[in-house]
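Structure below is coords_35.csv: CSV, C-alpha atoms.
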```
chain,number,residue,atom,x,y,z
A,83,MET,CA,12.8,6.9,46.7
A,84,ILE,CA,10.2,8.6,44.6
A,85,SER,CA,7.0,6.7,43.9
A,86,ALA,CA,6.5,5.6,40.3
A,87,GLU,CA,2.9,6.9,40.3
A,88,LYS,CA,2.1,10.5,41.2
A,89,GLN,CA,0.2,10.7,44.5
A,90,LEU,CA,-2.9,12.9,44.4
A,91,LEU,CA,-3.8,15.3,47.1
A,92,THR,CA,-7.1,16.7,48.4
A,93,ALA,CA,-7.0,19.9,50.4
A,94,LEU,CA,-9.9,20.3,52.9
A,95,VAL,CA,-11.1,23.5,54.5
A,96,ILE,CA,-14.0,23.8,57.0
A,97,THR,CA,-15.4,27.4,57.3
A,98,TYR,CA,-17.9,29.6,59.0
A,99,ASN,CA,-17.9,33.4,58.3
A,100,GLU,CA,-14.4,33.4,56.8
A,101,GLU,CA,-14.9,35.9,53.9
A,102,HIS,CA,-11.8,37.8,55.0
A,103,ASN,CA,-9.7,34.6,54.7
A,104,ILE,CA,-11.3,32.3,52.1
A,105,LYS,CA,-10.0,33.9,48.9
A,106,VAL,CA,-6.4,33.9,50.1
A,107,VAL,CA,-6.4,30.4,51.5
A,108,LEU,CA,-7.9,28.9,48.4
A,109,GLU,CA,-5.3,30.6,46.2
A,110,ASN,CA,-2.7,29.2,48.6
A,111,LEU,CA,-4.0,25.7,48.0
A,112,ALA,CA,-4.1,25.9,44.2
A,113,PHE,CA,-1.4,23.3,43.9
A,114,ALA,CA,-3.7,20.5,45.3
A,115,ASP,CA,-5.4,18.1,42.9
A,116,GLU,CA,-8.8,18.6,44.6
A,117,ILE,CA,-10.0,21.4,46.9
A,118,ILE,CA,-13.1,21.0,49.0
A,119,VAL,CA,-14.7,23.6,51.3
A,120,LEU,CA,-17.2,22.5,53.9
A,121,ASP,CA,-19.1,25.5,55.0
A,122,SER,CA,-21.4,25.7,58.1
A,123,PHE,CA,-24.0,27.9,56.5
A,124,SER,CA,-22.0,31.2,56.8
A,125,SER,CA,-24.0,34.4,57.1
A,126,ASP,CA,-21.3,36.3,55.2
A,127,ARG,CA,-20.0,35.8,51.7
A,128,THR,CA,-17.8,32.8,52.4
A,129,PHE,CA,-19.9,30.4,50.4
A,130,GLU,CA,-20.2,32.7,47.4
A,131,ILE,CA,-16.5,33.5,47.3
A,132,ALA,CA,-15.5,29.8,47.6
A,133,ALA,CA,-18.1,28.8,44.9
A,134,SER,CA,-16.6,31.3,42.5
A,135,PHE,CA,-13.4,29.2,42.3
A,136,LYS,CA,-13.7,26.8,39.4
A,137,ASN,CA,-11.2,24.4,40.9
A,138,VAL,CA,-13.1,24.2,44.3
A,139,LYS,CA,-16.0,22.0,45.4
A,140,VAL,CA,-18.2,23.6,48.0
A,141,ALA,CA,-20.6,21.8,50.3
A,142,GLN,CA,-22.6,22.9,53.4
A,143,ARG,CA,-23.4,21.1,56.6
A,144,THR,CA,-24.8,22.4,59.9
A,145,PHE,CA,-22.1,22.6,62.5
A,146,ASP,CA,-22.4,20.4,65.5
A,147,ASN,CA,-18.7,20.1,66.5
A,148,PHE,CA,-15.3,20.1,65.0
A,149,ALA,CA,-14.6,16.4,65.0
A,150,PHE,CA,-17.9,15.5,63.2
A,151,GLN,CA,-17.4,18.4,60.7
A,152,ARG,CA,-13.9,17.2,59.9
A,153,ASN,CA,-14.9,13.6,59.5
A,154,TYR,CA,-17.7,14.6,57.2
A,155,ALA,CA,-15.3,16.6,55.1
A,156,LEU,CA,-13.0,13.6,54.9
A,157,SER,CA,-15.9,11.5,53.5
A,158,LEU,CA,-16.1,13.9,50.6
A,159,ALA,CA,-12.5,13.5,49.5
A,160,LYS,CA,-11.5,11.3,46.6
A,161,ASN,CA,-7.7,11.3,46.8
A,162,PRO,CA,-5.4,9.1,48.9
A,163,TRP,CA,-3.6,12.1,50.6
A,164,ILE,CA,-5.4,14.7,52.7
A,165,LEU,CA,-4.1,18.2,53.5
A,166,PHE,CA,-6.4,19.8,56.2
A,167,ILE,CA,-6.0,23.5,56.5
A,168,ASP,CA,-7.9,26.1,58.5
A,169,ALA,CA,-9.0,29.2,56.8
A,170,ASP,CA,-6.5,31.3,58.9
A,171,GLU,CA,-3.5,29.1,58.0
A,172,ARG,CA,-1.1,29.6,55.2
A,173,LEU,CA,1.5,27.5,53.5
A,174,THR,CA,4.9,28.9,52.5
A,175,PRO,CA,6.3,28.0,49.1
A,176,GLU,CA,8.9,25.8,50.9
A,177,LEU,CA,6.2,23.9,52.8
A,178,GLU,CA,4.2,23.4,49.6
A,179,GLN,CA,7.2,21.9,47.9
A,180,GLU,CA,7.9,19.7,50.9
A,181,ILE,CA,4.3,18.4,51.0
A,182,THR,CA,4.5,17.5,47.3
A,183,ALA,CA,7.8,15.7,47.8
A,184,VAL,CA,6.9,13.6,50.9
A,185,ILE,CA,3.6,12.3,49.6
A,186,ASN,CA,5.4,11.0,46.5
A,187,LEU,CA,8.0,9.0,48.6
A,188,LYS,CA,7.7,5.3,48.1
A,189,ASN,CA,8.0,4.6,51.8
A,190,SER,CA,6.2,7.7,53.1
A,191,GLU,CA,4.7,7.9,56.6
A,192,ALA,CA,1.0,7.6,57.2
A,193,ALA,CA,0.8,11.2,58.5
A,194,TYR,CA,3.0,14.2,59.2
A,195,PHE,CA,3.1,16.8,61.9
A,196,MET,CA,3.5,20.4,61.0
A,197,ARG,CA,4.9,23.0,63.3
A,198,ARG,CA,3.2,26.3,63.3
A,199,ASN,CA,4.2,29.9,63.7
A,200,PHE,CA,1.4,31.8,65.6
A,201,MET,CA,0.9,35.2,64.2
A,202,PHE,CA,-0.3,38.0,66.5
A,203,LYS,CA,-1.8,40.4,63.9
A,204,SER,CA,1.2,40.6,61.6
A,205,GLN,CA,3.9,39.7,64.1
A,206,LYS,CA,5.2,36.3,65.2
A,207,LEU,CA,4.4,35.2,68.8
A,208,HIS,CA,7.7,33.6,70.0
A,209,PHE,CA,6.6,32.2,73.4
A,210,SER,CA,3.4,32.0,75.5
A,211,GLY,CA,3.1,28.2,75.0
A,212,TRP,CA,3.1,28.4,71.2
A,213,GLN,CA,6.8,27.8,70.6
A,214,THR,CA,6.3,24.0,70.5
A,215,ASP,CA,2.9,24.1,68.7
A,216,LYS,CA,2.6,21.2,66.2
A,217,ILE,CA,-0.4,19.6,64.6
A,218,ILE,CA,-1.1,16.8,62.1
A,219,ARG,CA,-2.4,18.4,58.9
A,220,LEU,CA,-1.1,15.9,56.2
A,221,PHE,CA,-2.1,12.3,56.2
A,222,LYS,CA,-3.3,9.3,54.2
A,223,ARG,CA,-7.1,9.2,54.1
A,224,GLU,CA,-7.4,5.5,54.6
A,225,ASN,CA,-5.2,5.6,57.7
A,226,ALA,CA,-6.8,8.3,59.8
A,227,ALA,CA,-10.0,9.7,61.3
A,228,TYR,CA,-10.9,12.2,64.0
A,229,ASN,CA,-11.8,11.1,67.5
A,230,ARG,CA,-15.5,11.7,67.8
A,231,GLU,CA,-15.2,12.3,71.5
A,232,LYS,CA,-12.8,15.3,71.1
A,233,ILE,CA,-15.2,17.9,69.8
A,234,VAL,CA,-12.8,20.8,70.0
A,235,HIS,CA,-9.0,20.8,69.5
A,236,GLU,CA,-9.9,17.6,67.8
A,237,LYS,CA,-7.5,14.7,67.8
A,238,LEU,CA,-6.6,12.7,64.6
A,239,ILE,CA,-6.3,9.0,65.2
A,240,VAL,CA,-3.6,7.6,62.9
A,241,ASN,CA,-3.0,4.0,62.0
A,242,GLY,CA,0.7,4.0,61.1
A,243,LYS,CA,3.9,6.0,61.6
A,244,ILE,CA,3.8,9.7,62.0
A,245,GLY,CA,6.6,11.9,60.6
A,246,LYS,CA,7.4,15.6,60.9
A,247,LEU,CA,7.8,18.2,58.2
A,248,LYS,CA,10.7,20.6,58.4
A,249,ASN,CA,8.9,23.8,57.2
A,250,LYS,CA,6.4,25.6,59.3
A,251,LEU,CA,2.7,26.5,58.7
A,252,ILE,CA,1.8,30.1,59.3
A,253,HIS,CA,-1.2,30.5,61.7
A,254,HIS,CA,-2.9,33.9,61.5
A,255,SER,CA,-5.1,33.1,64.5
A,256,TYR,CA,-5.1,36.5,66.2
A,257,THR,CA,-6.6,39.4,64.1
A,258,ASN,CA,-8.0,41.5,66.9
A,259,TYR,CA,-9.0,41.2,70.6
A,260,GLU,CA,-12.7,40.7,70.2
A,261,ASN,CA,-12.5,38.0,67.5
A,262,TYR,CA,-9.9,36.0,69.4
A,263,LYS,CA,-11.9,36.4,72.7
A,264,GLN,CA,-15.1,35.1,70.9
A,265,LYS,CA,-13.1,32.2,69.6
A,266,MET,CA,-11.8,31.3,73.0
A,267,VAL,CA,-15.2,31.6,74.6
A,268,PHE,CA,-16.6,29.3,71.9
A,269,TYR,CA,-13.9,26.7,72.4
A,270,GLY,CA,-14.6,26.9,76.2
A,271,GLN,CA,-18.3,26.2,75.6
A,272,LEU,CA,-17.5,23.2,73.4
A,273,LYS,CA,-15.0,21.8,75.9
A,274,ALA,CA,-17.8,22.1,78.5
A,275,GLN,CA,-19.7,19.5,76.5
A,276,GLU,CA,-16.7,17.2,76.6
A,277,GLU,CA,-16.4,17.6,80.4
A,278,PHE,CA,-20.2,16.8,80.8
A,279,VAL,CA,-19.7,13.6,78.9
A,280,LYS,CA,-16.8,12.7,81.2
A,281,LYS,CA,-19.2,13.4,84.1
A,282,THR,CA,-16.9,16.1,85.6
A,283,LYS,CA,-18.3,17.8,88.7
A,284,PRO,CA,-17.0,21.4,88.7
A,285,ASN,CA,-15.8,22.8,92.0
A,286,PHE,CA,-13.5,25.5,93.4
A,287,PHE,CA,-10.5,23.8,91.8
A,288,HIS,CA,-12.1,24.0,88.3
A,289,PHE,CA,-13.5,27.5,88.7
A,290,TYR,CA,-10.4,29.2,90.1
A,291,VAL,CA,-7.3,27.0,90.2
A,292,ARG,CA,-7.5,25.7,86.6
A,293,PRO,CA,-7.8,29.1,84.9
A,294,ALA,CA,-5.0,30.6,87.2
A,295,TYR,CA,-2.8,27.6,86.4
A,296,GLN,CA,-3.4,28.0,82.7
A,297,PHE,CA,-2.4,31.7,82.8
A,298,LEU,CA,0.7,31.2,85.0
A,299,ASN,CA,1.9,28.2,83.1
A,300,GLN,CA,1.8,30.0,79.8
A,301,TYR,CA,2.9,33.4,81.0
A,302,ILE,CA,5.7,32.2,83.3
A,303,VAL,CA,6.7,28.6,82.7
A,304,ARG,CA,6.2,29.0,78.9
A,305,PHE,CA,7.8,32.4,78.9
A,306,GLY,CA,4.8,34.4,77.8
A,307,PHE,CA,6.2,37.4,79.6
A,308,LEU,CA,8.9,37.6,76.9
A,309,ASP,CA,6.2,38.4,74.4
A,310,GLY,CA,5.3,41.6,76.2
A,311,LYS,CA,1.8,42.9,75.9
A,312,LYS,CA,1.0,40.3,73.3
A,313,GLY,CA,1.9,37.5,75.8
A,314,ILE,CA,-0.4,39.0,78.5
A,315,ILE,CA,-3.3,39.1,76.1
A,316,ILE,CA,-2.9,35.6,74.7
A,317,CYS,CA,-2.3,34.0,78.1
A,318,TYR,CA,-5.3,35.8,79.6
A,319,LEU,CA,-7.7,34.8,76.8
A,320,ASN,CA,-6.5,31.2,77.0
A,321,ALA,CA,-7.1,31.2,80.7
A,322,LEU,CA,-10.5,32.8,80.1
A,323,SER,CA,-11.4,29.8,77.8
A,324,VAL,CA,-10.8,27.5,80.8
A,325,ALA,CA,-12.9,29.6,83.1
A,326,VAL,CA,-15.7,29.6,80.5
A,327,ARG,CA,-15.5,25.8,80.2
A,328,PHE,CA,-16.4,25.1,83.8
A,329,GLN,CA,-18.9,27.9,84.2
A,330,GLU,CA,-20.7,26.5,81.1
A,331,LEU,CA,-20.4,23.0,82.5
A,332,LYS,CA,-22.1,24.2,85.7
A,333,LYS,CA,-25.0,25.5,83.5
A,334,ILE,CA,-25.3,22.3,81.5
A,335,ARG,CA,-25.4,20.2,84.7
A,336,ALA,CA,-28.0,22.4,86.2
A,337,SER,CA,-30.3,22.1,83.1
A,338,ASN,CA,-30.0,18.2,83.0
```

Full structure transcribed into structure tokens:
Amino acid sequence: MISAEKQLLTALVITYNEEHNIKVVLENLAFADEIIVLDSFSSDRTFEIAASFKNVKVAQRTFDNFAFQRNYALSLAKNPWILFIDADERLTPELEQEITAVINLKNSEAAYFMRRNFMFKSQKLHFSGWQTDKIIRLFKRENAAYNREKIVHEKLIVNGKIGKLKNKLIHHSYTNYENYKQKMVFYGQLKAQEEFVKKTKPNFFHFYVRPAYQFLNQYIVRFGFLDGKKGIIICYLNALSVAVRFQELKKIRASN
């Protein structure tokens, strides 16, 4: 049943040096009633491009971690429904229509999972662990917040039922080797901070077994080998992130 009153939607995007993505993603989100970009003081033209959109509100905040950044962006939103999109993600027209429909259901869920198609440059990655990728991107603002202890691959805590949308989000995560490698190294460094808080003491298992397991699980168990060269690259870089995590943890522990 359709709600008698139209439900308003705020689209949120957090950015840092996304000048190659920001124009397209903001055009992609034009259907939202409010669009907010929270920028981490980009050194490129991200802020200027976003500010040139009359329908977009732009704020800046120094980046500390993803959970804090997302929660701060949430605090800026005015509408009851939130659509959180990364700058490298795109909605299809079908997904846009589905979002508009579900938020106006009288008995809508508190949040919705979206499945994602991982794009390796311009081609879809079919396996390598990404075939079951899903993430909560649409939710009621009053029913959710990001776990402050999960500072990377942040987890949304939802008070209420969670549904799943039928249409997939397009994730243009891999543009080239160096950019994706930098992203994986950065994620590994942030995960090291989580491990330090948990008082993990890295040893041979963490330094060698965990990265090897990450690669073999994604490449063999999750059929990464069927993605050919693309699968090798993605599985290797994800394993590299795990290796970086525990090498960085070793440095953090040595300095404290």

>> For stretch 242-253 of chain A, find every residue with an atom within 9 Å (counting only C-alpha atoms), except residues of its own chain fewer than 6 positions away, and show them as a VMD selection string.
In response: chain A and resid 168 170 to 174 176 to 178 180 to 181 184 190 to 202 218 221 225 to 226

Create the file for the chosen residues now, containing C-alpha atoms and written as a PDB file, in the frame of the given file.
```
ATOM      1  CA  ASP A 168      -7.900  26.100  58.500  1.00  0.00           C
ATOM      2  CA  ASP A 170      -6.500  31.300  58.900  1.00  0.00           C
ATOM      3  CA  GLU A 171      -3.500  29.100  58.000  1.00  0.00           C
ATOM      4  CA  ARG A 172      -1.100  29.600  55.200  1.00  0.00           C
ATOM      5  CA  LEU A 173       1.500  27.500  53.500  1.00  0.00           C
ATOM      6  CA  THR A 174       4.900  28.900  52.500  1.00  0.00           C
ATOM      7  CA  GLU A 176       8.900  25.800  50.900  1.00  0.00           C
ATOM      8  CA  LEU A 177       6.200  23.900  52.800  1.00  0.00           C
ATOM      9  CA  GLU A 178       4.200  23.400  49.600  1.00  0.00           C
ATOM     10  CA  GLU A 180       7.900  19.700  50.900  1.00  0.00           C
ATOM     11  CA  ILE A 181       4.300  18.400  51.000  1.00  0.00           C
ATOM     12  CA  VAL A 184       6.900  13.600  50.900  1.00  0.00           C
ATOM     13  CA  SER A 190       6.200   7.700  53.100  1.00  0.00           C
ATOM     14  CA  GLU A 191       4.700   7.900  56.600  1.00  0.00           C
ATOM     15  CA  ALA A 192       1.000   7.600  57.200  1.00  0.00           C
ATOM     16  CA  ALA A 193       0.800  11.200  58.500  1.00  0.00           C
ATOM     17  CA  TYR A 194       3.000  14.200  59.200  1.00  0.00           C
ATOM     18  CA  PHE A 195       3.100  16.800  61.900  1.00  0.00           C
ATOM     19  CA  MET A 196       3.500  20.400  61.000  1.00  0.00           C
ATOM     20  CA  ARG A 197       4.900  23.000  63.300  1.00  0.00           C
ATOM     21  CA  ARG A 198       3.200  26.300  63.300  1.00  0.00           C
ATOM     22  CA  ASN A 199       4.200  29.900  63.700  1.00  0.00           C
ATOM     23  CA  PHE A 200       1.400  31.800  65.600  1.00  0.00           C
ATOM     24  CA  MET A 201       0.900  35.200  64.200  1.00  0.00           C
ATOM     25  CA  PHE A 202      -0.300  38.000  66.500  1.00  0.00           C
ATOM     26  CA  ILE A 218      -1.100  16.800  62.100  1.00  0.00           C
ATOM     27  CA  PHE A 221      -2.100  12.300  56.200  1.00  0.00           C
ATOM     28  CA  ASN A 225      -5.200   5.600  57.700  1.00  0.00           C
ATOM     29  CA  ALA A 226      -6.800   8.300  59.800  1.00  0.00           C
TER      30      ALA A 226
END
```

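Rounded to one decimal, atom CA of A:Val240 and atom CA of A:Trp163 lie 13.1 Å from each other.
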
>> If I take atom CA of A:Asn103 and atom CA of A:Phe135, how far is one from the other in Å, to one decimal?
In response: 14.0 Å

> Separation of atom CA of A:Thr282 and atom CA of A:Leu331, in Å?
Replying inline: 8.3 Å

> Nearest to A:Glu116 among A:Ala133, A:Lys139, A:Thr128, A:Thr97, with distances taken over all atoms listed in the file: which residue is it?
Replying inline: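 Selected residue with least distance to A:Glu116: A:Lys139.
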
> Hey, what's within 9 Å of stretch 257-263 of chain A if we count only C-alpha atoms and toss same-chain stuff fewer than 6 positions away? As a list in words, please?
Replying inline: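 Skipping anything fewer than 6 positions along the chain leaves Met201, Phe202, Lys203, Ser204, Ile315, Ile316, Leu319, Asn320, Leu322 and Ser323 of chain A.
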
>> Need to verify the contact set: A:Asp115, 12 Å, all atoms listed in the file, exclusion of same-chain residues closer than 4 positions in sequence. Can you return it as number ranges by chain?
In response: A: 88-94, 111, 137-139, 159-165, 182

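Using all atoms listed in the file, the smallest distance between any of A:Phe328, A:Val279, A:Gly211, A:Arg230 and A:Val303 comes from A:Gly211.
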
> Which residue gives the smallest distance to A:Ser157 among A:Leu308, A:Ile185, A:Ala227, A:Leu298, with only C-alpha atoms counted?
Replying inline: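 Nearest to A:Ser157: A:Ala227.
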
> Residues at most 8 Å from A:Arg152, counting all atoms listed in the file, excluding those fewer than 3 positions away in the same chain, as a VMD selection string?
Replying inline: chain A and resid 96 148 to 149 155 to 156 228

> Nearest to A:Gln213: which of A:Asn189, A:Arg304, A:Asn338, A:Ala321 is it, counting all atoms listed in the file?
Replying inline: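 Between A:Asn189, A:Arg304, A:Asn338, A:Ala321, the residue approaching A:Gln213 most closely is A:Arg304.
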
Can you fill out stretch 278-307 of chain A with N, CA and C atoms and hand it back as a PDB file, keeping the file's coordinate frame?
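What follows is the written file result-v6.pdb:
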```pdb
ATOM      1  N   PHE A 278     -18.869  17.388  80.348  1.00  0.00           N
ATOM      2  CA  PHE A 278     -20.200  16.800  80.800  1.00  0.00           C
ATOM      3  C   PHE A 278     -20.235  15.349  80.452  1.00  0.00           C
ATOM      4  N   VAL A 279     -19.757  14.979  79.277  1.00  0.00           N
ATOM      5  CA  VAL A 279     -19.700  13.600  78.900  1.00  0.00           C
ATOM      6  C   VAL A 279     -18.846  12.764  79.814  1.00  0.00           C
ATOM      7  N   LYS A 280     -17.764  13.376  80.265  1.00  0.00           N
ATOM      8  CA  LYS A 280     -16.800  12.700  81.200  1.00  0.00           C
ATOM      9  C   LYS A 280     -17.347  12.721  82.624  1.00  0.00           C
ATOM     10  N   LYS A 281     -18.524  13.366  82.836  1.00  0.00           N
ATOM     11  CA  LYS A 281     -19.200  13.400  84.100  1.00  0.00           C
ATOM     12  C   LYS A 281     -18.331  14.218  85.175  1.00  0.00           C
ATOM     13  N   THR A 282     -17.629  15.234  84.683  1.00  0.00           N
ATOM     14  CA  THR A 282     -16.900  16.100  85.600  1.00  0.00           C
ATOM     15  C   THR A 282     -17.824  16.916  86.449  1.00  0.00           C
ATOM     16  N   LYS A 283     -17.551  16.979  87.746  1.00  0.00           N
ATOM     17  CA  LYS A 283     -18.300  17.800  88.700  1.00  0.00           C
ATOM     18  C   LYS A 283     -17.515  19.008  89.049  1.00  0.00           C
ATOM     19  N   PRO A 284     -17.824  20.175  88.478  1.00  0.00           N
ATOM     20  CA  PRO A 284     -17.000  21.400  88.700  1.00  0.00           C
ATOM     21  C   PRO A 284     -17.049  21.835  90.171  1.00  0.00           C
ATOM     22  N   ASN A 285     -15.901  22.268  90.671  1.00  0.00           N
ATOM     23  CA  ASN A 285     -15.800  22.800  92.000  1.00  0.00           C
ATOM     24  C   ASN A 285     -14.839  23.955  92.070  1.00  0.00           C
ATOM     25  N   PHE A 286     -14.454  24.370  93.265  1.00  0.00           N
ATOM     26  CA  PHE A 286     -13.500  25.500  93.400  1.00  0.00           C
ATOM     27  C   PHE A 286     -12.282  25.335  92.592  1.00  0.00           C
ATOM     28  N   PHE A 287     -11.737  24.125  92.570  1.00  0.00           N
ATOM     29  CA  PHE A 287     -10.500  23.800  91.800  1.00  0.00           C
ATOM     30  C   PHE A 287     -10.699  24.181  90.332  1.00  0.00           C
ATOM     31  N   HIS A 288     -11.821  23.747  89.758  1.00  0.00           N
ATOM     32  CA  HIS A 288     -12.100  24.000  88.300  1.00  0.00           C
ATOM     33  C   HIS A 288     -12.353  25.459  88.038  1.00  0.00           C
ATOM     34  N   PHE A 289     -13.104  26.109  88.931  1.00  0.00           N
ATOM     35  CA  PHE A 289     -13.500  27.500  88.700  1.00  0.00           C
ATOM     36  C   PHE A 289     -12.367  28.498  88.852  1.00  0.00           C
ATOM     37  N   TYR A 290     -11.440  28.221  89.770  1.00  0.00           N
ATOM     38  CA  TYR A 290     -10.400  29.200  90.100  1.00  0.00           C
ATOM     39  C   TYR A 290      -8.983  28.728  89.857  1.00  0.00           C
ATOM     40  N   VAL A 291      -8.671  27.513  90.315  1.00  0.00           N
ATOM     41  CA  VAL A 291      -7.300  27.000  90.200  1.00  0.00           C
ATOM     42  C   VAL A 291      -6.914  26.727  88.756  1.00  0.00           C
ATOM     43  N   ARG A 292      -7.803  26.051  88.033  1.00  0.00           N
ATOM     44  CA  ARG A 292      -7.500  25.700  86.600  1.00  0.00           C
ATOM     45  C   ARG A 292      -7.220  26.885  85.753  1.00  0.00           C
ATOM     46  N   PRO A 293      -8.087  27.938  85.760  1.00  0.00           N
ATOM     47  CA  PRO A 293      -7.800  29.100  84.900  1.00  0.00           C
ATOM     48  C   PRO A 293      -6.493  29.812  85.358  1.00  0.00           C
ATOM     49  N   ALA A 294      -6.264  29.916  86.685  1.00  0.00           N
ATOM     50  CA  ALA A 294      -5.000  30.600  87.200  1.00  0.00           C
ATOM     51  C   ALA A 294      -3.806  29.778  86.741  1.00  0.00           C
ATOM     52  N   TYR A 295      -3.892  28.454  86.829  1.00  0.00           N
ATOM     53  CA  TYR A 295      -2.800  27.600  86.400  1.00  0.00           C
ATOM     54  C   TYR A 295      -2.507  27.792  84.903  1.00  0.00           C
ATOM     55  N   GLN A 296      -3.583  27.849  84.111  1.00  0.00           N
ATOM     56  CA  GLN A 296      -3.400  28.000  82.700  1.00  0.00           C
ATOM     57  C   GLN A 296      -2.666  29.310  82.363  1.00  0.00           C
ATOM     58  N   PHE A 297      -3.053  30.387  83.028  1.00  0.00           N
ATOM     59  CA  PHE A 297      -2.400  31.700  82.800  1.00  0.00           C
ATOM     60  C   PHE A 297      -0.927  31.619  83.245  1.00  0.00           C
ATOM     61  N   LEU A 298      -0.688  31.186  84.470  1.00  0.00           N
ATOM     62  CA  LEU A 298       0.700  31.200  85.000  1.00  0.00           C
ATOM     63  C   LEU A 298       1.594  30.251  84.267  1.00  0.00           C
ATOM     64  N   ASN A 299       1.066  29.118  83.830  1.00  0.00           N
ATOM     65  CA  ASN A 299       1.900  28.200  83.100  1.00  0.00           C
ATOM     66  C   ASN A 299       2.337  28.763  81.759  1.00  0.00           C
ATOM     67  N   GLN A 300       1.420  29.402  81.046  1.00  0.00           N
ATOM     68  CA  GLN A 300       1.800  30.000  79.800  1.00  0.00           C
ATOM     69  C   GLN A 300       2.574  31.266  79.899  1.00  0.00           C
ATOM     70  N   TYR A 301       2.251  32.063  80.904  1.00  0.00           N
ATOM     71  CA  TYR A 301       2.900  33.400  81.000  1.00  0.00           C
ATOM     72  C   TYR A 301       4.279  33.273  81.683  1.00  0.00           C
ATOM     73  N   ILE A 302       4.440  32.352  82.651  1.00  0.00           N
ATOM     74  CA  ILE A 302       5.700  32.200  83.300  1.00  0.00           C
ATOM     75  C   ILE A 302       6.531  31.032  82.875  1.00  0.00           C
ATOM     76  N   VAL A 303       5.949  29.829  83.021  1.00  0.00           N
ATOM     77  CA  VAL A 303       6.700  28.600  82.700  1.00  0.00           C
ATOM     78  C   VAL A 303       6.993  28.556  81.172  1.00  0.00           C
ATOM     79  N   ARG A 304       6.018  28.979  80.351  1.00  0.00           N
ATOM     80  CA  ARG A 304       6.200  29.000  78.900  1.00  0.00           C
ATOM     81  C   ARG A 304       6.664  30.313  78.352  1.00  0.00           C
ATOM     82  N   PHE A 305       7.162  31.162  79.239  1.00  0.00           N
ATOM     83  CA  PHE A 305       7.800  32.400  78.900  1.00  0.00           C
ATOM     84  C   PHE A 305       6.965  33.438  78.147  1.00  0.00           C
ATOM     85  N   GLY A 306       5.660  33.444  78.458  1.00  0.00           N
ATOM     86  CA  GLY A 306       4.800  34.400  77.800  1.00  0.00           C
ATOM     87  C   GLY A 306       5.171  35.853  78.117  1.00  0.00           C
ATOM     88  N   PHE A 307       5.797  36.082  79.269  1.00  0.00           N
ATOM     89  CA  PHE A 307       6.200  37.400  79.600  1.00  0.00           C
ATOM     90  C   PHE A 307       7.211  38.023  78.647  1.00  0.00           C
TER      91      PHE A 307
END
```
